[in-house]
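Visitor: Coordinates in target10.tsv, TSV, C-alpha atoms and all ligand atoms, are listed below.
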```tsv
chain	number	residue	atom	x	y	z
A	1	THR	CA	-31.73	103.34	-32.21
A	2	ASN	CA	-29.81	105.13	-34.94
A	3	VAL	CA	-28.84	108.15	-32.85
A	4	LYS	CA	-27.42	105.87	-30.20
A	5	ASN	CA	-25.40	104.01	-32.82
A	6	GLU	CA	-24.21	107.28	-34.29
A	7	LEU	CA	-23.04	108.43	-30.88
A	8	LEU	CA	-21.11	105.22	-30.34
A	9	LYS	CA	-19.61	105.54	-33.79
A	10	ARG	CA	-18.42	109.08	-32.96
A	11	LEU	CA	-16.87	107.81	-29.75
A	12	PHE	CA	-15.02	105.12	-31.70
A	13	GLU	CA	-13.90	107.50	-34.41
A	14	ALA	CA	-12.52	109.92	-31.83
A	15	GLU	CA	-10.10	107.16	-30.78
A	16	GLY	CA	-10.06	108.02	-27.11
A	17	GLN	CA	-10.39	111.80	-27.55
A	18	PRO	CA	-13.46	113.44	-26.01
A	19	VAL	CA	-16.66	113.90	-28.02
A	20	SER	CA	-18.73	116.90	-26.99
A	21	GLY	CA	-22.10	115.84	-25.60
A	22	GLN	CA	-23.43	119.36	-26.08
A	23	GLU	CA	-22.48	119.55	-29.76
A	24	PHE	CA	-23.88	116.09	-30.42
A	25	ALA	CA	-27.11	117.00	-28.60
A	26	ASP	CA	-27.45	120.19	-30.66
A	27	GLU	CA	-26.78	118.37	-33.90
A	28	TYR	CA	-29.59	115.89	-33.26
A	29	GLY	CA	-31.95	118.25	-31.43
A	30	LEU	CA	-31.67	116.28	-28.19
A	31	SER	CA	-31.20	117.27	-24.59
A	32	ARG	CA	-27.91	116.72	-22.82
A	33	THR	CA	-29.75	114.41	-20.45
A	34	ALA	CA	-30.70	112.19	-23.38
A	35	ILE	CA	-27.02	111.93	-24.32
A	36	TRP	CA	-26.10	111.18	-20.72
A	37	LYS	CA	-28.67	108.37	-20.70
A	38	TYR	CA	-27.12	106.83	-23.80
A	39	ILE	CA	-23.71	106.99	-22.14
A	40	LYS	CA	-25.11	105.19	-19.08
A	41	GLU	CA	-26.55	102.52	-21.39
A	42	PHE	CA	-23.19	102.04	-23.08
A	43	GLU	CA	-21.58	101.60	-19.68
A	44	GLU	CA	-24.13	98.97	-18.78
A	45	GLU	CA	-23.28	97.17	-22.04
A	46	GLY	CA	-19.64	97.03	-20.93
A	47	TYR	CA	-18.11	100.09	-22.56
A	48	GLU	CA	-15.77	102.09	-20.38
A	49	ILE	CA	-16.32	105.79	-20.91
A	50	THR	CA	-14.90	108.75	-19.02
A	51	SER	CA	-16.51	112.11	-18.76
A	52	ILE	CA	-14.05	114.98	-19.12
A	53	ARG	CA	-15.28	118.27	-17.75
A	54	LYS	CA	-16.14	120.86	-20.40
A	55	ARG	CA	-14.86	118.59	-23.17
A	56	GLY	CA	-17.19	115.62	-23.35
A	57	TYR	CA	-17.10	111.84	-23.28
A	58	ALA	CA	-14.14	109.66	-24.20
A	59	LEU	CA	-14.29	105.95	-25.00
A	60	ILE	CA	-11.62	104.05	-23.07
A	61	THR	CA	-12.42	100.40	-23.85
A	62	SER	CA	-15.17	98.61	-25.72
A	63	PRO	CA	-16.40	95.16	-24.90
A	64	ASP	CA	-15.97	92.09	-27.01
A	65	ARG	CA	-19.33	92.31	-28.76
A	66	VAL	CA	-20.56	91.94	-32.33
A	67	ASN	CA	-23.11	94.75	-32.07
A	68	SER	CA	-23.77	97.17	-34.91
A	69	ALA	CA	-21.49	99.92	-33.59
A	70	ASN	CA	-18.50	97.58	-33.38
A	71	ILE	CA	-19.26	96.27	-36.87
A	72	LEU	CA	-19.93	99.69	-38.44
A	73	ASN	CA	-16.71	100.92	-36.91
A	74	HIS	CA	-14.62	99.03	-39.47
A	75	LEU	CA	-17.13	98.58	-42.31
A	76	GLU	CA	-16.13	99.55	-45.87
A	77	THR	CA	-19.01	98.04	-47.85
A	78	SER	CA	-21.75	99.94	-49.63
A	79	ALA	CA	-24.66	97.64	-48.70
A	80	TYR	CA	-23.64	94.50	-46.80
A	81	GLY	CA	-23.87	95.02	-43.04
A	82	ARG	CA	-25.11	98.61	-43.35
A	83	SER	CA	-28.18	97.52	-41.45
A	84	VAL	CA	-27.52	95.25	-38.46
A	85	ASP	CA	-30.07	93.47	-36.34
A	86	TYR	CA	-28.18	92.42	-33.19
A	87	TYR	CA	-29.29	89.95	-30.52
A	88	GLU	CA	-27.77	88.70	-27.27
A	89	SER	CA	-29.33	85.25	-27.60
A	90	VAL	CA	-31.65	83.66	-30.17
A	91	GLU	CA	-32.64	80.14	-31.15
A	92	SER	CA	-31.21	80.63	-34.63
A	93	THR	CA	-30.46	83.71	-36.75
A	94	GLN	CA	-31.64	81.87	-39.86
A	95	PRO	CA	-35.46	82.06	-39.39
A	96	ILE	CA	-35.13	85.66	-38.21
A	97	ALA	CA	-33.35	86.45	-41.47
A	98	HIS	CA	-36.04	84.62	-43.46
A	99	ASP	CA	-38.78	86.68	-41.82
A	100	ALA	CA	-36.80	89.87	-42.37
A	101	ALA	CA	-36.29	89.00	-46.04
A	102	GLN	CA	-39.99	88.33	-46.46
A	103	ALA	CA	-40.78	91.65	-44.79
A	104	GLY	CA	-38.66	93.36	-47.44
A	105	VAL	CA	-35.48	94.44	-45.63
A	106	PRO	CA	-32.80	95.92	-47.89
A	107	ASP	CA	-30.00	94.01	-49.60
A	108	GLY	CA	-27.20	93.26	-47.15
A	109	THR	CA	-29.20	93.29	-43.92
A	110	LEU	CA	-27.31	91.36	-41.27
A	111	ILE	CA	-28.82	89.35	-38.42
A	112	VAL	CA	-26.18	88.54	-35.81
A	113	ALA	CA	-26.32	87.05	-32.33
A	114	GLU	CA	-23.88	86.47	-29.48
A	115	GLU	CA	-25.42	83.07	-28.86
A	116	GLN	CA	-27.71	80.56	-30.57
A	117	THR	CA	-29.57	78.05	-28.48
A	118	ALA	CA	-30.81	76.04	-31.48
A	119	GLY	CA	-28.31	76.83	-34.24
A	120	ARG	CA	-28.59	74.47	-37.18
A	121	GLY	CA	-26.67	73.17	-40.14
A	122	ARG	CA	-27.85	71.40	-43.27
A	123	LEU	CA	-30.74	68.95	-42.86
A	124	TYR	CA	-31.47	70.56	-39.48
A	125	ARG	CA	-28.37	69.10	-37.86
A	126	PRO	CA	-27.46	71.01	-34.70
A	127	TRP	CA	-24.82	73.74	-34.88
A	128	SER	CA	-22.98	74.48	-31.62
A	129	SER	CA	-23.00	78.27	-31.06
A	130	THR	CA	-21.39	79.14	-27.71
A	131	ALA	CA	-22.09	82.61	-26.33
A	132	ARG	CA	-19.63	85.33	-27.41
A	133	LYS	CA	-17.09	82.83	-28.71
A	134	GLY	CA	-18.02	82.70	-32.37
A	135	ILE	CA	-19.71	84.44	-35.27
A	136	TRP	CA	-23.32	83.36	-35.65
A	137	MET	CA	-24.87	85.40	-38.41
A	138	SER	CA	-27.28	85.36	-41.34
A	139	LEU	CA	-26.97	87.83	-44.18
A	140	VAL	CA	-29.95	88.71	-46.39
A	141	ILE	CA	-28.84	89.54	-49.91
A	142	ARG	CA	-30.76	90.30	-53.07
A	143	PRO	CA	-28.39	89.68	-55.97
A	144	THR	CA	-29.52	89.62	-59.60
A	145	LEU	CA	-29.24	85.89	-60.09
A	146	THR	CA	-31.46	83.06	-61.29
A	147	PRO	CA	-32.56	80.47	-58.73
A	148	GLN	CA	-30.23	77.98	-60.50
A	149	GLN	CA	-27.27	80.26	-59.71
A	150	ALA	CA	-28.09	80.51	-56.02
A	151	PRO	CA	-26.41	77.34	-54.68
A	152	GLN	CA	-23.04	78.60	-55.95
A	153	MET	CA	-23.34	81.45	-53.43
A	154	THR	CA	-22.11	78.90	-50.87
A	155	LEU	CA	-18.85	78.72	-52.82
A	156	VAL	CA	-18.73	82.51	-53.22
A	157	ALA	CA	-19.15	82.85	-49.47
A	158	ALA	CA	-16.50	80.21	-48.78
A	159	VAL	CA	-13.92	82.13	-50.79
A	160	ALA	CA	-14.87	85.40	-49.07
A	161	ILE	CA	-14.51	83.77	-45.65
A	162	VAL	CA	-11.12	82.23	-46.37
A	163	ARG	CA	-9.87	85.59	-47.64
A	164	ALA	CA	-11.16	87.36	-44.52
A	165	ILE	CA	-9.53	84.81	-42.20
A	166	GLU	CA	-6.27	85.35	-44.03
A	167	GLU	CA	-6.57	89.12	-43.80
A	168	VAL	CA	-7.41	89.24	-40.09
A	169	THR	CA	-5.34	86.34	-38.71
A	170	GLY	CA	-2.74	85.48	-41.36
A	171	ILE	CA	-3.91	81.87	-41.31
A	172	GLU	CA	-4.56	79.97	-44.54
A	173	ALA	CA	-7.70	77.90	-44.20
A	174	THR	CA	-8.90	75.39	-46.77
A	175	ILE	CA	-12.34	74.83	-48.28
A	176	LYS	CA	-13.96	71.43	-48.17
A	177	TRP	CA	-16.70	71.28	-50.80
A	178	PRO	CA	-19.39	72.39	-50.51
A	179	ASN	CA	-19.77	74.32	-47.27
A	180	ASP	CA	-16.97	73.72	-44.75
A	181	ILE	CA	-13.90	75.75	-43.96
A	182	LEU	CA	-11.16	73.73	-42.33
A	183	ILE	CA	-8.00	74.49	-40.39
A	184	ASN	CA	-5.57	71.62	-39.87
A	185	GLY	CA	-8.24	69.28	-41.19
A	186	LYS	CA	-10.80	70.31	-38.59
A	187	LYS	CA	-14.05	72.18	-39.18
A	188	MET	CA	-13.92	75.83	-38.12
A	189	THR	CA	-16.73	77.31	-40.23
A	190	GLY	CA	-19.98	76.08	-41.75
A	191	ILE	CA	-22.09	77.85	-44.36
A	192	LEU	CA	-25.83	77.38	-44.86
A	193	THR	CA	-27.27	78.97	-48.01
A	194	GLU	CA	-31.05	79.19	-48.31
A	195	LEU	CA	-33.25	80.69	-50.96
A	196	GLN	CA	-36.45	82.67	-51.36
A	197	ALA	CA	-37.37	82.72	-55.03
A	198	ASP	CA	-40.00	82.88	-57.73
A	199	PRO	CA	-39.57	80.26	-60.45
A	200	ASP	CA	-37.42	82.59	-62.54
A	201	ARG	CA	-36.06	85.12	-60.05
A	202	VAL	CA	-34.20	85.20	-56.75
A	203	LYS	CA	-36.00	87.30	-54.18
A	204	ALA	CA	-33.47	86.81	-51.41
A	205	ILE	CA	-30.61	84.54	-50.48
A	206	ILE	CA	-29.97	83.95	-46.80
A	207	ILE	CA	-26.34	83.16	-46.14
A	208	GLY	CA	-25.91	81.64	-42.69
A	209	ILE	CA	-22.35	81.61	-41.40
A	210	GLY	CA	-21.25	79.84	-38.24
A	211	MET	CA	-17.61	80.48	-37.41
A	212	ASN	CA	-15.67	79.20	-34.41
A	213	VAL	CA	-13.49	82.09	-33.29
A	214	ASN	CA	-12.51	82.29	-29.63
A	215	GLN	CA	-13.44	78.85	-28.30
A	216	GLU	CA	-10.96	76.78	-26.34
A	217	GLU	CA	-11.15	73.04	-26.88
A	218	ASP	CA	-13.40	72.43	-23.88
A	219	ASP	CA	-15.90	75.06	-25.06
A	220	PHE	CA	-17.02	72.49	-27.64
A	221	PRO	CA	-19.39	69.67	-26.71
A	222	ASP	CA	-17.58	66.33	-26.30
A	223	GLU	CA	-18.70	64.93	-29.62
A	224	LEU	CA	-17.18	67.87	-31.50
A	225	GLN	CA	-13.83	68.10	-29.72
A	226	SER	CA	-12.01	65.84	-32.18
A	227	ILE	CA	-13.58	67.31	-35.34
A	228	ALA	CA	-13.96	71.04	-34.62
A	229	THR	CA	-11.45	73.83	-34.19
A	230	SER	CA	-11.43	77.62	-33.71
A	231	LEU	CA	-9.18	80.49	-34.73
A	232	LYS	CA	-8.12	80.86	-31.09
A	233	ILE	CA	-7.00	77.24	-30.97
A	234	ALA	CA	-5.14	77.66	-34.27
A	235	THR	CA	-3.43	80.99	-33.51
A	236	GLY	CA	-3.27	81.07	-29.71
A	237	GLN	CA	-4.69	84.57	-29.96
A	238	HIS	CA	-7.98	86.18	-29.08
A	239	ILE	CA	-9.53	87.46	-32.34
A	240	ASP	CA	-11.71	90.57	-32.74
A	241	ARG	CA	-14.95	89.08	-34.06
A	242	ALA	CA	-16.41	92.39	-35.22
A	243	LYS	CA	-13.35	93.04	-37.35
A	244	LEU	CA	-13.62	89.57	-38.85
A	245	ILE	CA	-17.30	90.14	-39.67
A	246	THR	CA	-16.56	93.38	-41.50
A	247	SER	CA	-13.80	91.72	-43.45
A	248	ILE	CA	-16.13	88.85	-44.46
A	249	LEU	CA	-18.82	91.34	-45.51
A	250	GLY	CA	-16.28	93.29	-47.57
A	251	TYR	CA	-15.08	90.28	-49.55
A	252	LEU	CA	-18.57	88.85	-49.83
A	253	GLU	CA	-19.95	92.05	-51.35
A	254	GLN	CA	-17.02	92.24	-53.76
A	255	TYR	CA	-17.27	88.60	-54.86
A	256	THR	CA	-21.06	88.61	-55.16
A	257	LYS	CA	-20.78	91.59	-57.54
A	258	MET	CA	-18.11	89.71	-59.44
A	259	TYR	CA	-20.37	86.68	-59.69
A	260	GLU	CA	-23.36	88.75	-60.86
A	261	LYS	CA	-21.28	90.49	-63.51
A	262	HIS	CA	-18.90	87.84	-64.79
A	263	GLY	CA	-20.51	84.55	-63.83
A	264	PHE	CA	-18.90	81.72	-61.93
A	265	GLY	CA	-15.59	81.54	-63.87
A	266	PRO	CA	-13.52	83.99	-61.77
A	267	ILE	CA	-14.96	82.65	-58.50
A	268	LYS	CA	-14.14	79.11	-59.57
A	269	LEU	CA	-10.50	80.09	-60.09
A	270	LEU	CA	-10.29	81.62	-56.61
A	271	TRP	CA	-12.13	78.68	-55.10
A	272	GLU	CA	-9.82	76.08	-56.65
A	273	GLY	CA	-6.85	77.80	-55.05
A	274	TYR	CA	-8.26	77.08	-51.59
A	275	SER	CA	-9.91	73.71	-52.09
A	276	ASN	CA	-8.49	70.62	-50.44
A	277	THR	CA	-10.49	68.09	-52.48
A	278	ALA	CA	-9.10	68.13	-56.04
A	279	GLY	CA	-7.27	64.92	-56.95
A	280	LYS	CA	-8.27	63.18	-53.73
A	281	ARG	CA	-10.12	59.95	-53.33
A	282	ILE	CA	-13.43	60.71	-51.68
A	283	ARG	CA	-16.68	59.21	-50.57
A	284	ALA	CA	-19.77	61.32	-51.16
A	285	VAL	CA	-22.74	60.56	-48.92
A	286	MET	CA	-26.01	61.81	-50.38
A	287	LEU	CA	-29.56	61.45	-49.17
A	288	ASN	CA	-30.30	58.28	-51.09
A	289	GLU	CA	-26.92	56.95	-52.22
A	290	THR	CA	-23.23	56.88	-51.43
A	291	ILE	CA	-20.60	56.92	-54.14
A	292	GLU	CA	-16.81	56.81	-54.23
A	293	GLY	CA	-14.34	58.17	-56.68
A	294	THR	CA	-11.63	60.71	-57.39
A	295	ALA	CA	-12.51	64.39	-57.12
A	296	LEU	CA	-11.65	66.14	-60.38
A	297	GLY	CA	-12.68	69.64	-59.33
A	298	ILE	CA	-15.82	71.75	-59.64
A	299	SER	CA	-17.78	72.43	-62.79
A	300	ASP	CA	-18.72	75.84	-64.17
A	301	GLU	CA	-21.98	75.47	-62.25
A	302	GLY	CA	-20.29	74.70	-58.93
A	303	LEU	CA	-21.00	70.97	-58.99
A	304	LEU	CA	-18.36	68.63	-57.60
A	305	GLU	CA	-17.08	66.43	-60.39
A	306	LEU	CA	-16.29	62.93	-59.32
A	307	GLN	CA	-14.64	60.31	-61.49
A	308	LEU	CA	-16.04	56.91	-60.60
A	309	ASP	CA	-14.05	53.69	-60.82
A	310	ASP	CA	-15.67	52.76	-64.14
A	311	GLY	CA	-14.23	55.99	-65.57
A	312	SER	CA	-17.50	57.86	-65.82
A	313	VAL	CA	-17.83	61.37	-64.36
A	314	ARG	CA	-20.67	62.45	-62.10
A	315	GLY	CA	-21.55	66.01	-61.11
A	316	ILE	CA	-22.83	66.28	-57.54
A	317	TYR	CA	-25.05	69.08	-56.26
A	318	SER	CA	-24.79	68.47	-52.55
A	319	ALA	CA	-23.33	65.79	-50.31
A	320	ASP	CA	-21.29	65.10	-47.23
A	321	ILE	CA	-17.75	64.42	-48.31
A	322	GLN	CA	-15.31	62.10	-46.60
A	323	ILE	CA	-11.75	62.43	-47.82
A	324	GLN	CA	-10.03	59.05	-47.75
B	401	LIG	P1	-23.44	71.05	-41.79
B	401	LIG	O1	-24.71	70.29	-41.87
B	401	LIG	O2	-22.46	70.95	-42.91
B	401	LIG	O3	-22.66	70.69	-40.46
B	401	LIG	C1	-23.33	70.30	-39.27
B	401	LIG	C2	-22.43	69.34	-38.52
B	401	LIG	O4	-21.23	70.00	-38.09
B	401	LIG	C3	-23.05	68.82	-37.24
B	401	LIG	O5	-23.77	67.65	-37.49
B	401	LIG	C4	-21.84	68.57	-36.33
B	401	LIG	O6	-21.24	67.32	-36.61
B	401	LIG	C5	-20.84	69.61	-36.78
B	401	LIG	N1	-20.85	70.81	-35.93
B	401	LIG	C6	-21.85	71.33	-35.16
B	401	LIG	N2	-21.49	72.47	-34.58
B	401	LIG	C7	-20.21	72.71	-34.97
B	401	LIG	C8	-19.27	73.74	-34.70
B	401	LIG	N3	-19.56	74.81	-33.95
B	401	LIG	N4	-18.04	73.62	-35.28
B	401	LIG	C9	-17.70	72.58	-36.05
B	401	LIG	N5	-18.55	71.58	-36.34
B	401	LIG	C10	-19.79	71.64	-35.82
B	401	LIG	C11	-22.95	73.58	-41.54
B	401	LIG	O7	-23.87	72.55	-41.61
B	401	LIG	C12	-23.68	74.95	-41.62
B	401	LIG	C13	-23.73	75.64	-40.28
B	401	LIG	C14	-24.34	77.03	-40.38
B	401	LIG	C15	-24.48	77.68	-39.03
B	401	LIG	C16	-24.97	79.09	-39.15
B	401	LIG	S1	-24.77	79.98	-37.68
B	401	LIG	C17	-25.75	81.26	-38.23
B	401	LIG	C18	-26.91	80.60	-38.94
B	401	LIG	N6	-27.96	80.26	-38.02
B	401	LIG	C19	-28.11	78.93	-37.93
B	401	LIG	O8	-28.92	78.36	-37.18
B	401	LIG	N7	-27.28	78.32	-38.79
B	401	LIG	C20	-26.44	79.26	-39.49
```
Could you write out this file's structure as structure tokens?

Guide:
Amino acid sequence: TNVKNELLKRLFEAEGQPVSGQEFADEYGLSRTAIWKYIKEFEEEGYEITSIRKRGYALITSPDRVNSANILNHLETSAYGRSVDYYESVESTQPIAHDAAQAGVPDGTLIVAEEQTAGRGRLYRPWSSTARKGIWMSLVIRPTLTPQQAPQMTLVAAVAIVRAIEEVTGIEATIKWPNDILINGKKMTGILTELQADPDRVKAIIIGIGMNVNQEEDDFPDELQSIATSLKIATGQHIDRAKLITSILGYLEQYTKMYEKHGFGPIKLLWEGYSNTAGKRIRAVMLNETIEGTALGISDEGLLELQLDDGSVRGIYSADIQIQ
């Protein structure tokens, strides 16, 4: 509940200093027993809290969780992530976000889980989502965009994610068009953008982000070990997932506003700086054909422009890209 979150937020903000249970109880018209019960619940969730006589409760350590209190603790956005729907384990955050969007949740509502048992990528391919090792989240946003502008949100999100990785870990990741983030040539993040729209108006965009954060190599299923990587593998360090989420939300809110206001031009510039495809010889596998050529870059609409061997240029909406 909100009071419980508020209490946890106070404990965080006090940075180890005691928070008066009595004052908090008075402020919210609760009994001291109610506060005590919340504290017990926090302890069960893995928080270490000491009770200091006559002074209150002090937070000693917090567990490695992506719950709303840990996210709100660092959040600087105005809408994105202000409302968090947190789960221990779900099949996939994506359908939950779709239902929430349909039910009318506000712009920026975040669905996040510690584990997905049936996480998915494009075309319903499975997405490995090991418990507490990664970021498995779906963000519901309601930007003022036309349905035709929605697919480019994948590229907006990619830029936001790369920026956030850089801010939190110092690592420079690259973007592989359209929806992969790579480190050392291996996939560390996938983005799945889905749309709820009327013919002329976006009702909601669901941005699904799957990010490998604290996995070791053997946390991945065998078939992924040679193609997937995590931030832990790349840096040797354990990364604070909640901090990373807030950083992603911050950049994503900023860049979505930029996109709404100024169109794709400024995003395209940022995107090109991180892309690993321009100038390379690639094979693009689409649903009903496969073509080869040299990647020229992306168009003003976010299409990948491919120069074929006969010199002609094709714009591609979506494909799986193999860099040769
Ligand atoms: P994609 O279709 O581009 O990539 C899917 C492919 O990536 C799989 O076929 C597999 O080869 C590989 N793969 C699977 N799991 C991983 C992993 N953990 N790391 C690296 N490679 C992997 C990419 O789709 C979009 C993924 C979005 C996932 C988010 S998580 C939150 C939300 N909920 C949900 O079910 N999906 C999204």

Visitor: Which distance in Å separates atom CA of A:Gln324 and atom CA of A:Asn276, to one decimal?

Guide: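 We find that atom CA of A:Gln324 and atom CA of A:Asn276 lie 12.0 Å from each other.
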
Visitor: Rounded to one decimal, what separation in Å do you get between atom N5 of ligand LIG 401 (chain B) and atom CA of A:Gln254?

Guide: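 Taking atom N5 of ligand LIG 401 (chain B) as the start and atom CA of A:Gln254 as the end point, the length is 27.1 Å.
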
Visitor: Excluding stretch 30-40 of chain A and any residue of its chain fewer than 3 positions from it, enumerate the residues within 12 Å of it, using only C-alpha atoms, and give them as a ChimeraX atom specification.

Guide: /A:1-8,11,19-27,43-51,56-59

Visitor: Given the selection you just returned, output its residues as a file containing C-alpha atoms, formatted as an mmCIF file, in the coordinates of the input.

Guide:
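What landed in selection.cif:
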```
data_model
loop_
_atom_site.group_PDB
_atom_site.id
_atom_site.type_symbol
_atom_site.label_atom_id
_atom_site.label_comp_id
_atom_site.auth_asym_id
_atom_site.auth_seq_id
_atom_site.Cartn_x
_atom_site.Cartn_y
_atom_site.Cartn_z
ATOM 1 C CA THR A 1 -31.730 103.340 -32.210
ATOM 2 C CA ASN A 2 -29.810 105.130 -34.940
ATOM 3 C CA VAL A 3 -28.840 108.150 -32.850
ATOM 4 C CA LYS A 4 -27.420 105.870 -30.200
ATOM 5 C CA ASN A 5 -25.400 104.010 -32.820
ATOM 6 C CA GLU A 6 -24.210 107.280 -34.290
ATOM 7 C CA LEU A 7 -23.040 108.430 -30.880
ATOM 8 C CA LEU A 8 -21.110 105.220 -30.340
ATOM 9 C CA LEU A 11 -16.870 107.810 -29.750
ATOM 10 C CA VAL A 19 -16.660 113.900 -28.020
ATOM 11 C CA SER A 20 -18.730 116.900 -26.990
ATOM 12 C CA GLY A 21 -22.100 115.840 -25.600
ATOM 13 C CA GLN A 22 -23.430 119.360 -26.080
ATOM 14 C CA GLU A 23 -22.480 119.550 -29.760
ATOM 15 C CA PHE A 24 -23.880 116.090 -30.420
ATOM 16 C CA ALA A 25 -27.110 117.000 -28.600
ATOM 17 C CA ASP A 26 -27.450 120.190 -30.660
ATOM 18 C CA GLU A 27 -26.780 118.370 -33.900
ATOM 19 C CA GLU A 43 -21.580 101.600 -19.680
ATOM 20 C CA GLU A 44 -24.130 98.970 -18.780
ATOM 21 C CA GLU A 45 -23.280 97.170 -22.040
ATOM 22 C CA GLY A 46 -19.640 97.030 -20.930
ATOM 23 C CA TYR A 47 -18.110 100.090 -22.560
ATOM 24 C CA GLU A 48 -15.770 102.090 -20.380
ATOM 25 C CA ILE A 49 -16.320 105.790 -20.910
ATOM 26 C CA THR A 50 -14.900 108.750 -19.020
ATOM 27 C CA SER A 51 -16.510 112.110 -18.760
ATOM 28 C CA GLY A 56 -17.190 115.620 -23.350
ATOM 29 C CA TYR A 57 -17.100 111.840 -23.280
ATOM 30 C CA ALA A 58 -14.140 109.660 -24.200
ATOM 31 C CA LEU A 59 -14.290 105.950 -25.000
#
```

Visitor: Fewer than 3 positions away in the same chain doesn't count, so skip those; otherwise give me all residues within 8 Å of stretch 159-169 of chain A, counting all atoms listed in the file, as a list in words.

Guide: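 My list of contacting residues is Leu155, Val156, Glu172, Ala173, Thr174, Ile175, Ile181, Thr235, Ile239, Lys243, Leu244, Ser247, Ile248, Leu249, Tyr251, Leu252, Tyr255, Ile267, Leu270, Trp271 and Tyr274 of chain A.
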
Visitor: Distance limit 9 Å, reference ligand LIG 401 (chain B), atoms considered: only C-alpha atoms and all ligand atoms. Which residues make the cut? Give them as a VMD selection string.

Guide: chain A and resid 91 to 97 111 to 113 116 to 130 134 to 139 178 to 180 186 to 193 207 to 212 220 to 221 223 to 225 227 to 230 320

Visitor: Counting only C-alpha atoms, figure out which residue out of A:Leu303, A:Leu145, A:Leu269, A:Ile171 gets nearest to A:Asp200.

Guide: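 Counting only C-alpha atoms, the residue closest to A:Asp200 is A:Leu145.
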
Visitor: Which residues are near A:Leu308? Cut-off 10 Å, all atoms listed in the file, ignore same chain within fewer than 2 positions. Put them as a list of chain:residue names.

Guide: A:Arg281, A:Ile291, A:Glu292, A:Gly293, A:Thr294, A:Ala295, A:Glu305, A:Leu306, A:Asp310, A:Gly311, A:Ser312, A:Val313, A:Arg314
